[in-house]
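Visitor: Got a structure here, written out as structure tokens. Questions coming.
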Amino acid sequence: MKWYHSVRLKIILAFAVVIAPICVFLFYNNVYSIRTVREQISQNYDNLLQQYVQSTDKMLDETSLYLYRFVNDPDFTTLYAFGRDTNEYYLTTIRIMSKLTTGIGYFNITSSIFVYSPPYKDMLLASSEDHSTQTKEISKYVSRLTPGNDGKWQIVESGDGYAMVKIAVISSELVAGVWVHLDNLVSPLRSWSLGTTGEATMMDSNHVQLTPTRIAADVWGKYAEKDPSQRGNYLLIDAPSLDEKMLLVKAASSSTGLSYMLAVPETTILGGLPFFQKAIYIIPFGVLAVLFLYLSLLQRIMISPLSVLIRGMRRIGQGQLDTRLKISKQGEFGYLMSVFNDMAGQIRSLKIDIYEEKLRVQQAEYKHLQVQINPHFYMNCLNIIYNLAVLKDFATLKKMALHLAEYFRFTIHGNRSHITLAEELKHISNYMEIQQLRYPDNLTYEILLSDELRELEVPPLTVQPFAENSVLHGFKDRNRPFHICIEAWLEQDGKQRRAHITITDTGTGFSEDWLQEFVAADWRDMQGEHVGIWNVMRRLSIHYGEEAAVSLRNTGEGAQVSLVLPLQSENEEAAS
């Protein structure tokens with residue numbers, strides 16, 4: 001293949017000729033636009049925050065003036081003049097509460113307005129929040145804020161965050177105060193267009209964060225790194241704990257000495273920037289013509305051959321292994337199509353060979369597993385027949401011979417891949433009748449089969465090995481009564497149906513060590529004395545896959561084996 005036939009070279013050259021000038025132009029345009037928009041929007045946030053702080057300070061100043069009016073208000077100055085148990089006292093408190101409530105309604109940034117008497121521990125309070133909570137919080141702090149802090153906003157840490165309080169001394173017996181949660185001052189800022197990760201907070205002069213945010217305090221503290229020569233009250237930072245750049249905007253409050261801060265993600269600032277809108281009007285019409293030529297060339301040398309190749313691969317994936325592509329191109333695509341045709345032929349041959357070999361191996365393994373039978377059972381049956389003949393118990397001998405014949409007949413026809421569950425349980429019944437002849441006084445059994453499962457097809461010898469193991473290993477004490485119960489029923493869970501089969505006995509049960517070994521072991525490696533279990537689980541795996549389940553446990557009175565077999569849903573049966 002000659003180098004000038006390379007698709008890679010053609011694409012690179014065409015892409016460079018058409019896209020490179022556009023990329024250079026758009027890069028310069030976008031960098032300039034981003035810088036301009038960032039600067040303008042940052043200045044807008046700065047101006048908005050400064051205006052908000054000024055209006056908030058004005059409201060706080062008006063709150064202070066409202067508070068100092070109480071100093072000359074006769075209702076406040078004469079509250080305790082007539083004693084606390086007089087009618088005048090109660091009427092005065094009503095008038096005071098009316099004034100406090102009016103103040104709360106007018107100054108909506110305040111949390112509470114209150115008056116407090118240190119000598120009498122008496123408090124009147126109007127609050128826009130929970131009254132009892134505010135009373136507890138203010139009572140806790142107001143004693144240590146008076147009278148030395150009169151006239152200044154003080155920061156206190158309350159149970160639900162930081163708050164500001166201002167105290168005005170009315171008389172030796174009474175002080176008035178305003179309580180403002182700092183979060184009330186910050187909440188309006190959070191309604192601004194700050195983006196999904198934007199935040200607002202307040203900080204004191206020591207850069208201590210006073211309102212909780214999703215942004216760590218060290219990020220807010222990076223504002224201190226701002227160059228004093230930089231104009232504006234904003235700074236763009238890139239902190240390691242953030243996934244994006246943040247714009248920090250700060251405005252100081254002249255009334256409280258605190259600072260309001262905003263954190264706005266850069267993506268929010270630049271979200272409305274039309275990166276390509278300007279480029280559309282500036283790019284010469286000649287570039288459009290070159291771009292059209294490039295797309296036509298790309299369609300002919302790359303997109304069309306790729307479409308042919310993809311269609312061929314899709315057909316192979318759908319099982320159409322006789323699909324072949326027409327080779328009409330030179331270069332890489334011609335080579336790919338040639339290799340595709342060769343591989344399609346090889347896949348077709350290999351898939352057929354592997355499928356046939358898998359069927360042969362599975363069938364051979366399935367038949368091998370079905371014929372694994374314990375020969376000791378036959379020896380025991382012959383010994384019983386011999387002993388019955390010696391004892392001349394011909395009635396029992398005939399019964400034994402009949403059950404043994406039925407048992408042998410089932411085994412001889414074991415080449416069937418499936419039998420009904422009723423036939424399987426009939427086979428177990430013959431086995432149990434034979435065992436009852438050996439132990440007539442101590443061995444009993446019962447088989448319970450629901451009518452819905454009588455015709456259920458299962459692999460032969462699915463249940464019988466567990467019943468046989470129950471007798472062989474659970475019935476060790478021949479002098480004690482031993483009962484075995486085999487039950488099969490149908491479980492309906494929505495559209496999913498399952499057959500449940502349990503083999504429960506009253507024997508010695510499983511040892512805990514053996515149960516742990518069974519749970520931890522890989523059943524595919526079980527051999528020796530576990531050949532019956534290995535046989536069943538292997539055949540269930542071949543027939544049902546991972547949907548079948550076998551579990552063993554102790555019931556307290558013996559052992560129990562549970563088998564769960566999946567069934568077709570009613571819709572699947574109707575379709576089949």
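Please note that chains go A, B, ... in the order of the structure tokens, that every chain numbers its residues from 1, and that ligands are numbered from 1 in the order shown.
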Under the rule of at most 12 Å, produce a per-residue listing of region 68-186 of chain A near region 39-56 of chain A: chain, number, name, the closest pair of atoms, and the distance in Å, as a tab-separated table, using only C-alpha atoms.
Guide:
```
residue	atom	partner	partner_atom	distance
A:Phe107	CA	A:Thr56	CA	10.5
A:Asn108	CA	A:Thr56	CA	10.7
A:Ile109	CA	A:Thr56	CA	8.4
A:Thr110	CA	A:Thr56	CA	10.9
A:Val180	CA	A:Thr56	CA	11.9
A:Leu182	CA	A:Thr56	CA	11.6
A:Asn184	CA	A:Thr56	CA	10.8
A:Leu185	CA	A:Thr56	CA	7.7
A:Val186	CA	A:Val53	CA	10.2
```
Visitor: How would the residues just chosen look if you wrote them out with N, CA, C and O atoms as a PDB file, in the first residue's frame?
Guide:
```pdb
ATOM      1  N   PHE A 107     -39.038  46.129  60.708  1.00  0.00           N
ATOM      2  CA  PHE A 107     -37.631  45.786  60.450  1.00  0.00           C
ATOM      3  C   PHE A 107     -37.552  44.265  60.218  1.00  0.00           C
ATOM      4  O   PHE A 107     -37.326  43.490  61.154  1.00  0.00           O
ATOM      5  N   ASN A 108     -37.747  43.849  58.989  1.00  0.00           N
ATOM      6  CA  ASN A 108     -37.882  42.411  58.711  1.00  0.00           C
ATOM      7  C   ASN A 108     -36.567  41.647  58.796  1.00  0.00           C
ATOM      8  O   ASN A 108     -36.573  40.419  58.734  1.00  0.00           O
ATOM      9  N   ILE A 109     -35.436  42.350  58.913  1.00  0.00           N
ATOM     10  CA  ILE A 109     -34.172  41.620  59.033  1.00  0.00           C
ATOM     11  C   ILE A 109     -33.898  41.214  60.475  1.00  0.00           C
ATOM     12  O   ILE A 109     -33.011  40.399  60.746  1.00  0.00           O
ATOM     13  N   THR A 110     -34.625  41.784  61.413  1.00  0.00           N
ATOM     14  CA  THR A 110     -34.390  41.466  62.826  1.00  0.00           C
ATOM     15  C   THR A 110     -35.069  40.157  63.192  1.00  0.00           C
ATOM     16  O   THR A 110     -36.137  39.823  62.667  1.00  0.00           O
ATOM     17  N   VAL A 180     -30.323  39.899  65.921  1.00  0.00           N
ATOM     18  CA  VAL A 180     -30.377  39.646  64.466  1.00  0.00           C
ATOM     19  C   VAL A 180     -29.536  38.422  64.155  1.00  0.00           C
ATOM     20  O   VAL A 180     -28.320  38.418  64.422  1.00  0.00           O
ATOM     21  N   LEU A 182     -27.357  36.330  61.833  1.00  0.00           N
ATOM     22  CA  LEU A 182     -26.567  36.712  60.656  1.00  0.00           C
ATOM     23  C   LEU A 182     -27.061  36.017  59.394  1.00  0.00           C
ATOM     24  O   LEU A 182     -26.918  36.537  58.296  1.00  0.00           O
ATOM     25  N   ASN A 184     -30.039  35.717  58.546  1.00  0.00           N
ATOM     26  CA  ASN A 184     -31.102  36.547  57.977  1.00  0.00           C
ATOM     27  C   ASN A 184     -30.533  37.597  57.031  1.00  0.00           C
ATOM     28  O   ASN A 184     -31.193  38.001  56.075  1.00  0.00           O
ATOM     29  N   LEU A 185     -29.316  38.061  57.321  1.00  0.00           N
ATOM     30  CA  LEU A 185     -28.690  39.066  56.455  1.00  0.00           C
ATOM     31  C   LEU A 185     -28.124  38.447  55.183  1.00  0.00           C
ATOM     32  O   LEU A 185     -28.029  39.110  54.157  1.00  0.00           O
ATOM     33  N   VAL A 186     -27.755  37.156  55.267  1.00  0.00           N
ATOM     34  CA  VAL A 186     -27.125  36.500  54.125  1.00  0.00           C
ATOM     35  C   VAL A 186     -28.154  35.839  53.211  1.00  0.00           C
ATOM     36  O   VAL A 186     -27.935  35.689  52.011  1.00  0.00           O
TER      37      VAL A 186
END
```
Visitor: Taking only C-alpha atoms into account, which of A:Leu65, A:Val178, A:Leu425, A:Val37 comes nearest Leu270 (chain A)?
Guide: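 Once distances to Leu270 (chain A) are computed over only C-alpha atoms, the minimum belongs to A:Val37.
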Visitor: Would you mind listing what lies within 10 Å of region 246-250 of chain A as a compact mmCIF listing (two decimals) with C-alpha atoms, in the first residue's frame, with only C-alpha atoms counted and same-chain residues fewer than 6 positions away left out?
Guide:
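What follows is the written file result.txt:
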```txt
# COMPACT_ATOMS: atom_id res chain seq x y z
CA ARG A 38 -15.60 38.13 33.42
CA SER A 42 -17.43 40.71 38.35
CA GLN A 43 -17.86 44.47 38.54
CA TYR A 45 -21.58 41.57 41.35
CA ASP A 46 -19.32 43.99 43.23
CA ASN A 47 -21.72 46.90 42.67
CA LEU A 49 -23.16 43.60 46.81
CA GLN A 50 -22.06 47.12 47.79
CA THR A 197 -22.29 25.76 43.65
CA GLY A 198 -22.33 29.47 44.50
CA GLU A 199 -22.57 30.62 48.13
CA ALA A 200 -22.82 33.69 50.35
CA THR A 201 -21.47 34.20 53.86
CA MET A 202 -20.37 36.74 56.47
CA MET A 203 -16.93 37.03 58.07
CA VAL A 219 -11.43 29.04 50.38
CA TRP A 220 -13.07 32.22 51.67
CA GLY A 221 -9.80 33.13 53.34
CA LYS A 222 -8.00 33.25 49.99
CA TYR A 223 -9.49 36.70 49.47
CA GLY A 232 -12.45 46.24 42.51
CA ASN A 233 -13.50 44.20 45.54
CA TYR A 234 -13.37 40.83 43.81
CA LEU A 235 -10.83 38.11 43.16
CA LEU A 236 -10.84 35.00 40.92
CA ILE A 237 -9.36 32.01 42.76
CA ASP A 238 -8.60 28.38 41.94
CA ALA A 239 -8.57 26.41 45.22
CA SER A 259 -17.88 41.66 55.75
CA TYR A 260 -20.34 40.15 53.28
CA MET A 261 -18.84 37.76 50.75
CA LEU A 262 -20.11 36.03 47.59
CA ALA A 263 -18.61 33.02 45.84
CA VAL A 264 -19.76 32.66 42.23
CA PRO A 265 -18.51 29.83 39.97
CA GLU A 266 -16.85 31.00 36.79
CA THR A 267 -19.19 28.81 34.74
CA THR A 268 -22.12 30.91 35.97
CA ILE A 269 -20.34 34.11 35.03
```
Visitor: Using only C-alpha atoms, which residues sit within 10 Å of Glu491 (chain A) once same-chain residues fewer than 3 positions away are excluded, as a list in words?
Guide: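 After dropping sequence-adjacent residues, the list is Ala488, Gly494, Gln496, Arg497, Arg498, Ala499, His500, Val564, Pro566 and Leu567 of chain A.
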Visitor: Smallest atom-to-atom distance to Ile533 (chain A): which of A:Asn387, A:Thr78, A:Asn430, A:Thr462, using only C-alpha atoms?
Guide: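 Ranked by minimum distance to Ile533 (chain A), first place goes to A:Thr462.
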Visitor: Could you state the separation of CA of Arg190 (chain A) and CA of Pro212 (chain A) in Å, given to one decimal place?
Guide: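 Distance between the two atoms: 12.2 Å.
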Visitor: Using the chain letters and numbers from this document, which residues of region 39-272 of chain A does DSSP assign to helix (DSSP H, G or I), as a ChimeraX atom specification?
Guide: /A:39-72,74-77,87-106,131-145,182-190,217-225,266-269
Visitor: For Tyr106 (chain A), which residue among A:Thr63, A:Thr86, A:Asn206, A:Ser338 is the nearest when counting only C-alpha atoms?
Guide: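 The closest residue to Tyr106 (chain A) is A:Thr63.
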Visitor: So that I can check the surroundings of Glu487 (chain A), please list as a list in words every protein, DNA and RNA residue that reaches within 8 Å of it, counting only C-alpha atoms and ignoring chain neighbours fewer than 3 positions away.
Guide: Ile447, Leu448, Leu449, Ile501, Thr502 and Ile503 of chain A
Visitor: Since we have the selection now, will you write its residues out, keeping N, CA and C atoms, as an mmCIF file, in the first residue's frame?
Guide:
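So part06.cif came out as:
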```cif
data_model
loop_
_atom_site.group_PDB
_atom_site.id
_atom_site.type_symbol
_atom_site.label_atom_id
_atom_site.label_comp_id
_atom_site.auth_asym_id
_atom_site.auth_seq_id
_atom_site.Cartn_x
_atom_site.Cartn_y
_atom_site.Cartn_z
ATOM 1 N N ILE A 447 -45.117 -38.579 51.092
ATOM 2 C CA ILE A 447 -44.811 -37.779 49.908
ATOM 3 C C ILE A 447 -46.013 -36.905 49.607
ATOM 4 N N LEU A 448 -45.803 -35.577 49.578
ATOM 5 C CA LEU A 448 -46.865 -34.596 49.325
ATOM 6 C C LEU A 448 -46.537 -33.859 48.037
ATOM 7 N N LEU A 449 -47.352 -34.025 47.014
ATOM 8 C CA LEU A 449 -47.111 -33.430 45.695
ATOM 9 C C LEU A 449 -48.348 -32.649 45.281
ATOM 10 N N ILE A 501 -39.102 -27.984 46.303
ATOM 11 C CA ILE A 501 -39.104 -29.394 46.711
ATOM 12 C C ILE A 501 -38.237 -29.494 47.960
ATOM 13 N N THR A 502 -38.799 -30.042 49.048
ATOM 14 C CA THR A 502 -38.039 -30.199 50.290
ATOM 15 C C THR A 502 -38.030 -31.671 50.703
ATOM 16 N N ILE A 503 -36.869 -32.127 51.214
ATOM 17 C CA ILE A 503 -36.710 -33.466 51.779
ATOM 18 C C ILE A 503 -36.323 -33.268 53.234
#
```
Visitor: Which is closest to Ile170 (chain A) among A:Val519, A:Ile113, A:Val71, A:Leu100, if we use only C-alpha atoms?
Guide: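 The shortest atom-to-atom distance to Ile170 (chain A) comes from A:Val71.
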Visitor: Might you pull out every residue within 8 Å of Met337 (chain A), with only C-alpha atoms counted and same-chain residues fewer than 2 positions away left off, and present them as a list in words?
Guide: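 Selected residues are Leu309, Leu325, Lys326, Ile327, Phe333, Gly334, Tyr335, Val339, Phe340 and Asn341 of chain A.
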Visitor: Which residue gives the smallest distance to Asp218 (chain A) among A:Arg454, A:Phe292, A:Ser241, A:Glu546, with only C-alpha atoms counted?
Guide: A:Ser241
